[in-house]
Each structure stands twice: as structure tokens, then as C-alpha cells.
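First the structure, in the form of C-alpha cells, and then the observations on it.
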Amino acid sequence: MRNLLKHLLVLMLLLAASAGYAQNGTIAVPAPQDTTRLIEILPGSRSMRQFQKDSTTLITLAGNAAVKQGNTYIYGDSIVVNQLTGVAEVFGNVHINDADSVHTYAQYLKYIGKDRIAYLKKSVRLTDGKGQLFTDDLEYNLSTGIATYKGGGRVVNGKTVLTSSDAVYYSDTKDVYFKKYVHLTDPKYDIVADSLLYNTQLKEAHFISPTRIKTKEGTIINTKNGIYNLETGEARFFDRTGINDAKSHTSISADNLFSDDKTGIAVAEGNAKFVDSVNKVTVIAGRQEVNRKENSFLATRKPVMIFYDKGDSTYVAADTLFSGLRKYDTKTRTTTVKKDTLKSTIAVDLIHKDTAGAAQTLSVFKNDTLRTVSPVKPADSLSNLAKTDTLQKPSMDSIRYFLGFHHVRIFNDSLQAVSDSMYYSTEDSVFRLFQAPVFWNDKTQVSGDTMYLYTQNRQPKRLNVFFNALVISKENDAMYNQVGGRTLNAYFAEGNIDYIRIKGSPAESVFYPQDDDSAYVGMNRSSGDVIDVYFVNKQLNKIKFVNNVDGTLFPLRTVTNEQKYLKGFIWQDKRRPKNKLELFE
């Protein structure tokens, strides 16, 4: 009897102890070897039970269930915990709070406490305060802060949404590495890639595979290596990147390319190539700066510009090449005044009549400013040049112009030319050459102070030379036909010089006439107010003098060096581009 009472007393004490543990939120089970990985049961659950399953002790929590491990708190509708192995399964409305820095939600969780790895399924959402990750199957290592999905998912960062087949998230750096079928959508951009690294804190995309970027303006960027800050619009691209501007029908590509969407400026370095498909112009250079808002470019480091037209191309090289657009009023034939953003200057064009009666455009510089203005009517004053009709909106067209500075060289199958500087406009297809320009057409050389070369379909049609005009046609190393004067007008037929008129005070010539047997009969040195020169089969054929004619035919044996050459004579064949490849050297 005494023994029976003793056993009953022990049993009651055990039951009381068990009830006491239940109220405190801890059930006595064999302690795990690593106490730091212990999953602690938090109070507040509506139901908590302990049961045995295959010699394993499990604790079940239901209703506002919560457990913790270190600074990681896990919540759910119900939780099953194996404290010996440190494994917990959570069902319904799962929430993991990792040190108040990263929050993860799902409908199911299997948590391996020993390794601190969470396997989440169904409507998974992870957020770090900067972005949110959505998927249906996520593996999250809380020790390393790395989360991985492989069954498709998306990351939302403000208005930016990224989707992919696979992704790896790094909580410490806020980086997400997307793989397979990556698509980024943003109010400003649409990006498609095979792989992409995105930082949710900086809103910065790192491109590591072939990538296509399309902006809201229609600009398309193709790259495979680069960094794009979607917030600031600043980008750096490497490994040959191309930008195509659909609005202006231009493109720029280079080995390295730096772009700023706010300013519209892109700097291209290393085999930089600019293409204007509307005007059929391509520019190749070591470095180019393109302003997409102004539709202009500045090319340096051995730039070469190519004008394409039906297989016959014109090549232009210089130390520096610049091109921009200016607005032209097709109704009033006036040019909009606009500042040059590169040098803070203003361009001024004045119209005058040349000796042939055709309208020409001259650039006038004053106080280091350059102002572009319209053709001037006699009654107009300079103060009224920039005025426009405020009652009627003008019809505006864009005109592209090109500037070349220092060591300008031009090559075409029909012509070659050099000068110190150049201006060319698509409005009239005229090459304006300044400071010691020289022009060659077959065996004929033309030089002067300033030169206007009119072209049509990239072929020369007319040439005007202002001041100190000199034409030289080589017969042989000892004989040069020459015509010189103040101004010159030359006309072309099928790309070759056909007729030249020279005016001067007086105009002069040195000419070696031939007899019927093509033998030279002497040297004719003559002068007149006007000299007309005619060519046949690319050769000087006839010279005609008008007004105040004076001339002498000298026997060849009596001709002195002073008589053989007109003033300013220099045969400049060494400056002449021999082929297009020379321009790239």
C-alpha cells in the first residue's frame, strides 16, 4: 500500500512538471549538441502539443505560432518543430523576420536551423526595404543572406520590374543576379538580356551578356558589358556598344561608350562610328562626342567622314570634325539663331552674290562670336536679322552642316582637295574651303585664298575661288600651263573640268601651244581682263582673252624661269591625297 502511494506521488509530480513546462513555452526534450542553433518556442500560440513519431519528439504549435533562432523570428499559422535536429516546418501565412533587415513571406516553409537555410514555397515574397522579390519556390540562406529561385520570379524596385527564369539575391549588397530570359521594364526603359546584375539600392543594372535596351524615346542600345543607373540615366558601356536613335535616324558605336540621358551626351572612344542615315554620312574616329538632344557630334583623334551616294563616296579627314543641325524656315528662307553649346559662340551667315551671279553664304566673325542669320534684304538692319513673324508659325526644316578644322583633306574618285578648314551644308551641298585651299581634278590643280566647291550627287558641278586664284595644268615636269587672277569660276561635265573663267586686274596666263603634230611651238604669256579656259578630254585645249589683251609667244629656248611661272606658282602634288586609305593614316 505504501509503495502504491509512493508511485502515485511521483506520477503527480511529473504531470505537474509537464504542465509547468507547457505554460512557460518550452517542452523538455533531449537538448541538441549545438545550443546556438536551438529553435526557441515563443509564447502566444493558442495550442501547443508534443508527440512522438518514429522515436522522434515533435512539438506542434497552432494559432499565432512563433519561434526564434538568434535574431531570426519565424511566424505562421502552425509550426512543427524538432528541437533535436533543429528543423521546423511552417504552414500558412509564413513570415521570417531576419534581424529586422529582410522580411520573407510564403505559404510554406521548411527551416533547417543547423544551416539556417529556409525553403519557401507558394506566393513567396522577400523584401529588404529597397525592393521586393516574388516567386513560388525560394531557397534562402540566412547565414549568408543569399536567396535563390529557379522556377521563375520577379523583383520589383519602385516602378522597375525585373523578371527571369533564375535569380540569386544577395541581401548584404542588395544585388540580384538574374539568369535566363531576363526582362526589365521601367517607365523609361525596356531591357532584355540573358543575364543581368541589378542593385536595388542604387537602381543600377550591370550588363554581363548580350543586352538590348530600349528607351521611351525609341533609342535602342545593344551591348554585352556595361553599367546603367536607371535613376540618374548615366551609363558606361564596354566591349563594342551601339546606340541607335530612331528619332534622329542616327547611331553611334564604339569600343567604350559613356552616356548621360539627362544631357543627351554620349562619349564614344575606340573605333567610334557615327552614322546619319538620312544624310548618308558616316564618321569614323578614335573619339566622338555626340549630343543626341542637339543632334550634333564632335569627332577627334584621326576622324574621317564619309558621304555615301550610289556607290561613289567622298571621304573627308581633318584634325577635328563637327556637325550639327540648324532650323531653316522654308517660307521666309531664314535661319534660326542658335548658340553653339561647344564654344558658347553664335554663327552668322550672310548672303552675297558671287561673280557668276549666284547666291553664296559667308561666315562673319566678330568679337569671338559667330551668328547664323538669314539672307539680308537691303533695307534690313543687323538688329532685325533674328526677328521672326510672331503671327504666323514658320515651316521649319532641319539642315545638317559639317565643320572641319585643321589639315582638311578630301578624296573622291573625281576630285581631291586640301585646306586648313572647311564648312559643308546639306542645304546646298557646297564644300567651303578656307586658308590656302588646293583642289585637284585629274592633271589640273586649282588654288586660292578661299574656295567654294558645288557638288551634286557627290560629283563636282561648279567651283568658285576668291582671291589669288591660280590654275595649273601639268604638261610634263618642265612645262605647266597656268592661269591666274583675282577670282575664278569653273564648271564641270561628268565630274571633269570643262570650262574656267578667271577675272583679274589683270588676269594672266602661261600656255604652251602645240602644232598639228603635237609639237610645242613655244610659250605664250598673256594677260587680259577676263580669261576663258576650255578643256577637252581632261586636257587644257584653248584659252580665250577678253578686253585689254596683251601677250607674247616666246621660243622655248629663250624662256627664263621667271617667265615660266606666274606669281604664287607652287605645284603641290605632295599635299594631294592619292587614295582614300591615306585619310585613315
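How things are named: the first chain in the C-alpha cells is A, the next is B, and so on; residues count from 1 in each chain; ligands count from 1 in the order shown.
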Which residues are close to region 577-579 of chain A, i.e. within 10 Å by only C-alpha atoms, leaving aside same-chain residues fewer than 5 positions away? Reply as a ChimeraX atom specification. /A:315,409-413,415-418,440
Residue list (strand (DSSP E), DSSP) for region 405-534 of chain A, as number ranges by chain: A: 405-411, 416-425, 430-434, 438-441, 444-447, 450-456, 459-476, 479-493, 496-511, 523-534
Using only C-alpha atoms, pick whichever of A:Met523, A:Ala147, A:Ala88, A:Ala493 has the shortest atom-to-atom distance to Asn537 (chain A). A:Ala493
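Neighbours of Asp186 (chain A) closer than or equal to 8 Å, with only C-alpha atoms counted and sequence neighbours fewer than 4 positions away skipped, come out as Lys159, Thr160, Val161 and Asp190 of chain A.
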Residue neighbourhood region 111-119 of chain A, 7 Å, only C-alpha atoms, exclusion window fewer than 6 positions, as a ChimeraX atom specification: /A:37,86-89,138-143
For the contact check between region 167-248 of chain A and region 281-302 of chain A, emit one row per residue of region 167-248 of chain A within 12 Å, containing the shortest atom pair and the distance in Å rounded to one decimal, counting only C-alpha atoms, chain then rising number order, as a Markdown table.
```
| residue | atom | partner | partner_atom | distance |
| --- | --- | --- | --- | --- |
| A:Glu217 | CA | A:Lys293 | CA | 11.1 |
| A:Thr219 | CA | A:Arg292 | CA | 9.9 |
| A:Ile243 | CA | A:Arg292 | CA | 10.2 |
| A:Asn244 | CA | A:Arg292 | CA | 10.2 |
| A:Asp245 | CA | A:Arg292 | CA | 7.8 |
| A:Ala246 | CA | A:Arg292 | CA | 10.8 |
| A:Lys247 | CA | A:Arg292 | CA | 9.5 |
| A:Ser248 | CA | A:Asn295 | CA | 7.1 |
```
Find the residues around Lys564 (chain A) up to 9 Å (only C-alpha atoms counted), leave out those fewer than 6 positions away in its own chain, and share them as a list in words.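 Those residues are Met479, Tyr480, Val510, Met523 and Arg525 of chain A.
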Excluding region 91-101 of chain A and residues on its chain fewer than 5 positions from it, collect all residues at most 12 Å away from it, counting only C-alpha atoms, and give them as an MDAnalysis selection string. chainID A and resid 60:81 106:111 116:130 140:145 171:172 174
Could you tell me how far CA of Ile531 (chain A) lies from CA of Tyr454 (chain A), in Å and to one decimal?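 Between these atoms lies a distance of 21.3 Å.
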Using only C-alpha atoms, determine which residues lie at most 6 Å from region 498-504 of chain A, disregarding the query and same-chain residues fewer than 2 positions distant; provide the list as a compact mmCIF listing (two decimals) with N, CA and C atoms, in the first residue's frame.
```txt
# COMPACT_ATOMS: atom_id res chain seq x y z
N GLY A 485 44.39 84.89 -111.52
CA GLY A 485 43.65 86.14 -111.43
C GLY A 485 43.09 86.33 -110.05
N ARG A 486 42.18 87.32 -109.94
CA ARG A 486 41.59 87.62 -108.64
C ARG A 486 40.54 86.59 -108.25
N THR A 487 39.62 86.25 -109.17
CA THR A 487 38.56 85.28 -108.89
C THR A 487 38.48 84.28 -110.02
N LEU A 488 37.85 83.13 -109.71
CA LEU A 488 37.76 82.05 -110.69
C LEU A 488 36.41 81.37 -110.55
N ASN A 489 35.81 81.04 -111.68
CA ASN A 489 34.60 80.22 -111.74
C ASN A 489 34.87 79.07 -112.70
N ALA A 490 34.74 77.86 -112.20
CA ALA A 490 34.98 76.66 -113.02
C ALA A 490 33.70 75.83 -113.07
N TYR A 491 33.51 75.18 -114.23
CA TYR A 491 32.32 74.35 -114.43
C TYR A 491 32.76 72.96 -114.88
N PHE A 492 31.98 71.94 -114.44
CA PHE A 492 32.37 70.55 -114.66
C PHE A 492 31.33 69.84 -115.52
N ALA A 493 31.82 68.86 -116.25
CA ALA A 493 30.95 67.98 -117.03
C ALA A 493 31.35 66.54 -116.73
N PRO A 506 45.48 92.58 -114.04
CA PRO A 506 44.69 91.77 -114.99
C PRO A 506 44.77 90.29 -114.62
N ALA A 507 44.05 89.46 -115.39
CA ALA A 507 44.22 88.01 -115.34
C ALA A 507 45.38 87.64 -116.26
N ASP A 529 41.54 91.29 -119.12
CA ASP A 529 40.59 91.48 -118.02
C ASP A 529 39.92 90.16 -117.63
N VAL A 530 39.61 89.36 -118.64
CA VAL A 530 38.94 88.07 -118.43
C VAL A 530 39.65 87.02 -119.27
N ILE A 531 39.85 85.84 -118.72
CA ILE A 531 40.43 84.73 -119.47
C ILE A 531 39.48 83.53 -119.36
N ASP A 532 39.11 82.99 -120.49
CA ASP A 532 38.29 81.79 -120.55
C ASP A 532 39.17 80.61 -120.96
N VAL A 533 39.06 79.51 -120.20
CA VAL A 533 39.88 78.33 -120.47
C VAL A 533 38.94 77.16 -120.78
N TYR A 534 39.23 76.45 -121.87
CA TYR A 534 38.40 75.34 -122.30
C TYR A 534 39.20 74.03 -122.23
N PHE A 535 38.52 72.96 -121.78
CA PHE A 535 39.17 71.66 -121.66
C PHE A 535 38.47 70.66 -122.57
```
Using Å and a single decimal, report how far CA of Ser473 (chain A) sits from CA of Lys538 (chain A).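 Rounded to one decimal, the two atoms are 9.8 Å apart.
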Tell me which of A:Phe511, A:Phe569, A:Phe237, A:Tyr181 sits closest to Ser195 (chain A), counting only C-alpha atoms.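 Of A:Phe511, A:Phe569, A:Phe237, A:Tyr181, the one nearest Ser195 (chain A) is A:Tyr181, counting only C-alpha atoms.
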Residues of region 501-570 of chain A in helix (DSSP H, G or I), written as a list of chain:residue names: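 Answer for region 501-570 of chain A, restricted to helix (DSSP H, G or I): A:Leu556, A:Arg557, A:Thr558, A:Asn561, A:Glu562, A:Gln563, A:Lys564.
Proximity ranking of A:Gly131, A:Asp261, A:Asn481, A:Lys224 relative to Asn199 (chain A) places A:Gly131 first, based on only C-alpha atoms.
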